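Everything below concerns the one structure shown next.
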Amino acid sequence: MPLSRGHVTLRPWDSGEVDVLHRLVAEAQESLRPWMSWADDEYTREDAAAFIVRSAENRAAGEVYSYGIFVAGAPVGTAGMERNEVPDALEIGYWLHPAHTGHGYATTAAGLLVEEAFALPWVARVQIWHDAANAASAGVPRRLGFTEIARRTPPREPAFGGEVGIDVIWELTRPSR
């Protein structure tokens with residue numbers, strides 16, 4: 001089911017949107033390359049198709065929930081949440097096409113995912129991880145009221161691109177009822 005707030009909508013990518021996703025990533029690839037290891041190589045139409053298929057499989061398994069971010073119906077990025085090493089947590093990730101940054105879309109998308117995560121009874125906390133050099137990603141959890149709980153080195157994955165090799169971990173706990 002789509003998640004919406006204002007003119008921002010999150011919904012799973014449809015198998016008929018392979019070309020749309022491929023074009024979005026290809027146009028954003030230069031800005032993604034410093035932060036996303038998968039953006040380091042040429043992103044092909046086949047990569048987009050495989051991502052859409054994997055996303056549907058992962059959603060059905062209850063492990064990873066990937067969404068396209070759409071603003072007034074136009075695709076602007078991707079967001080998702082997945083299980084990580086903390087048993088009662090989901091981790092949120094996001095990226096936007098560079099033409100659509102600075103408008104609050106990533107924050108809105110992450111906020112929608114927080115609400116979706118806390119609708120699951122087993123989720124007690126939501127985390128956001130990013131490299132310390134990625135100041136733009138740090139703004140999202142800060143604006144949503146997350147608390148920085150750790151800086152970890154070595155990082156979970158080897159540093160590359162523009163990264164400095166320090167994972168910054170933010171967390172938001174389930175509100176009391």
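Order determines the names: the first chain of the structure tokens is A, the second B, and so forth; residues in each chain are numbered 1 upward, and ligands are numbered 1 upward as they are shown.
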
* Just asking: which residues within region 101-162 of chain A are helix (DSSP H, G or I) according to DSSP, as a PyMOL selection string? -> chain A and resi 105-118+135-143

Kindly save the residues from that selection, with C-alpha atoms included, as a PDB file, in the first residue's frame.
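Once written, selection.pdb looks like this:
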```pdb
ATOM      1  CA  TYR A 105      11.475  14.900   0.531  1.00  0.00           C
ATOM      2  CA  ALA A 106      13.996  12.560   2.193  1.00  0.00           C
ATOM      3  CA  THR A 107      12.857  13.702   5.630  1.00  0.00           C
ATOM      4  CA  THR A 108       9.204  13.187   4.719  1.00  0.00           C
ATOM      5  CA  ALA A 109       9.973   9.755   3.249  1.00  0.00           C
ATOM      6  CA  ALA A 110      11.955   8.702   6.327  1.00  0.00           C
ATOM      7  CA  GLY A 111       9.164   9.981   8.582  1.00  0.00           C
ATOM      8  CA  LEU A 112       6.642   7.859   6.712  1.00  0.00           C
ATOM      9  CA  LEU A 113       8.922   4.838   7.120  1.00  0.00           C
ATOM     10  CA  VAL A 114       9.270   5.485  10.857  1.00  0.00           C
ATOM     11  CA  GLU A 115       5.470   5.411  11.185  1.00  0.00           C
ATOM     12  CA  GLU A 116       5.301   2.226   9.104  1.00  0.00           C
ATOM     13  CA  ALA A 117       8.052   0.592  11.174  1.00  0.00           C
ATOM     14  CA  PHE A 118       6.378   1.383  14.486  1.00  0.00           C
ATOM     15  CA  ALA A 135      26.358  15.608   6.141  1.00  0.00           C
ATOM     16  CA  ALA A 136      23.169  15.619   4.050  1.00  0.00           C
ATOM     17  CA  SER A 137      22.157  12.203   5.348  1.00  0.00           C
ATOM     18  CA  ALA A 138      22.779  13.351   8.924  1.00  0.00           C
ATOM     19  CA  GLY A 139      20.169  16.079   8.594  1.00  0.00           C
ATOM     20  CA  VAL A 140      17.304  13.637   8.136  1.00  0.00           C
ATOM     21  CA  PRO A 141      17.515  11.814  11.492  1.00  0.00           C
ATOM     22  CA  ARG A 142      18.295  15.081  13.260  1.00  0.00           C
ATOM     23  CA  ARG A 143      15.120  16.698  11.867  1.00  0.00           C
TER      24      ARG A 143
END
```

* Asked: Can you list, as a PyMOL selection string, every residue of region 49-159 of chain A that DSSP puts in strand (DSSP E or B)?
  -> chain A and resi 64-71+74-83+89-96+125-131+147-152

For Arg152 (chain A), find every residue with an atom within 9 Å (counting only C-alpha atoms), except residues of its own chain fewer than 2 positions away, and show them as a CSV table (one decimal) with C-alpha atoms, in the first residue's frame.
```
chain,number,residue,atom,x,y,z
A,150,ALA,CA,27.3,5.7,18.3
A,154,PRO,CA,35.9,0.3,11.4
A,155,PRO,CA,32.6,0.7,9.5
A,156,ARG,CA,30.2,-2.1,8.9
A,165,GLY,CA,35.1,5.1,7.3
A,166,ILE,CA,33.1,6.1,10.4
A,167,ASP,CA,29.5,4.8,10.7
A,168,VAL,CA,27.3,7.3,12.5
A,169,ILE,CA,24.3,5.5,14.0
```

* Counting only C-alpha atoms, figure out which residue out of A:Leu32, A:Gly161, A:Gly68, A:Gly145 gets nearest to Ser4 (chain A). => A:Gly68

* To do: Could you jot down the CA of Thr9 (chain A) to CA of Trp129 (chain A) separation for me, Å, one decimal place?
  => 22.7 Å

* **Using only C-alpha atoms: which of A:Ser55, A:Thr101, A:Ser66, A:Ser31 has the shortest distance to Leu3 (chain A)** =>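 Result for the nearest residue to Leu3 (chain A): A:Ser66.
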
* Asked: Between A:Ile92, A:Phe70, A:His97, A:Arg83, which one has atoms that come closest to Ala26 (chain A), using only C-alpha atoms?
  ->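 Of the candidates, the smallest distance to Ala26 (chain A) is held by A:His97.
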
* From the list A:Gly16, A:Pro175, A:Pro121, A:Gly6, which residue is nearest Ala49 (chain A) when using only C-alpha atoms? ->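 Checking each candidate against Ala49 (chain A), we get A:Gly16 as the closest.
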
* **Point-to-point distance in Å for CA of Glu148 (chain A) and CA of Val76 (chain A)** => 27.0 Å

* One decimal, Å: what's the distance from CA of Pro12 (chain A) over to CA of His100 (chain A), could you say? =>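 CA of His100 (chain A) lies 19.2 Å from CA of Pro12 (chain A).
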
* Asked: What lies within 8 Å of Glu163 (chain A) using only C-alpha atoms, ignoring chain neighbours under 5 positions off, as a VMD selection string?
  -> chain A and resid 34 to 35 131 to 134

Output for the residues just chosen: C-alpha atoms as a JSON list (two decimals), in the first residue's frame:
```json
[["chain", "number", "residue", "atom", "x", "y", "z"],
["A", 34, "PRO", "CA", 30.48, 8.72, -3.12],
["A", 35, "TRP", "CA", 27.96, 7.06, -0.77],
["A", 131, "ASP", "CA", 29.14, 7.67, 6.92],
["A", 132, "ALA", "CA", 30.35, 10.65, 8.98],
["A", 133, "ALA", "CA", 31.27, 12.53, 5.80],
["A", 134, "ASN", "CA", 27.70, 12.44, 4.51]]
```

* Which residue of A:Ile52, A:Asp41, A:Met1, A:Ala74 approaches Ser15 (chain A) most closely, using only C-alpha atoms -> A:Ile52
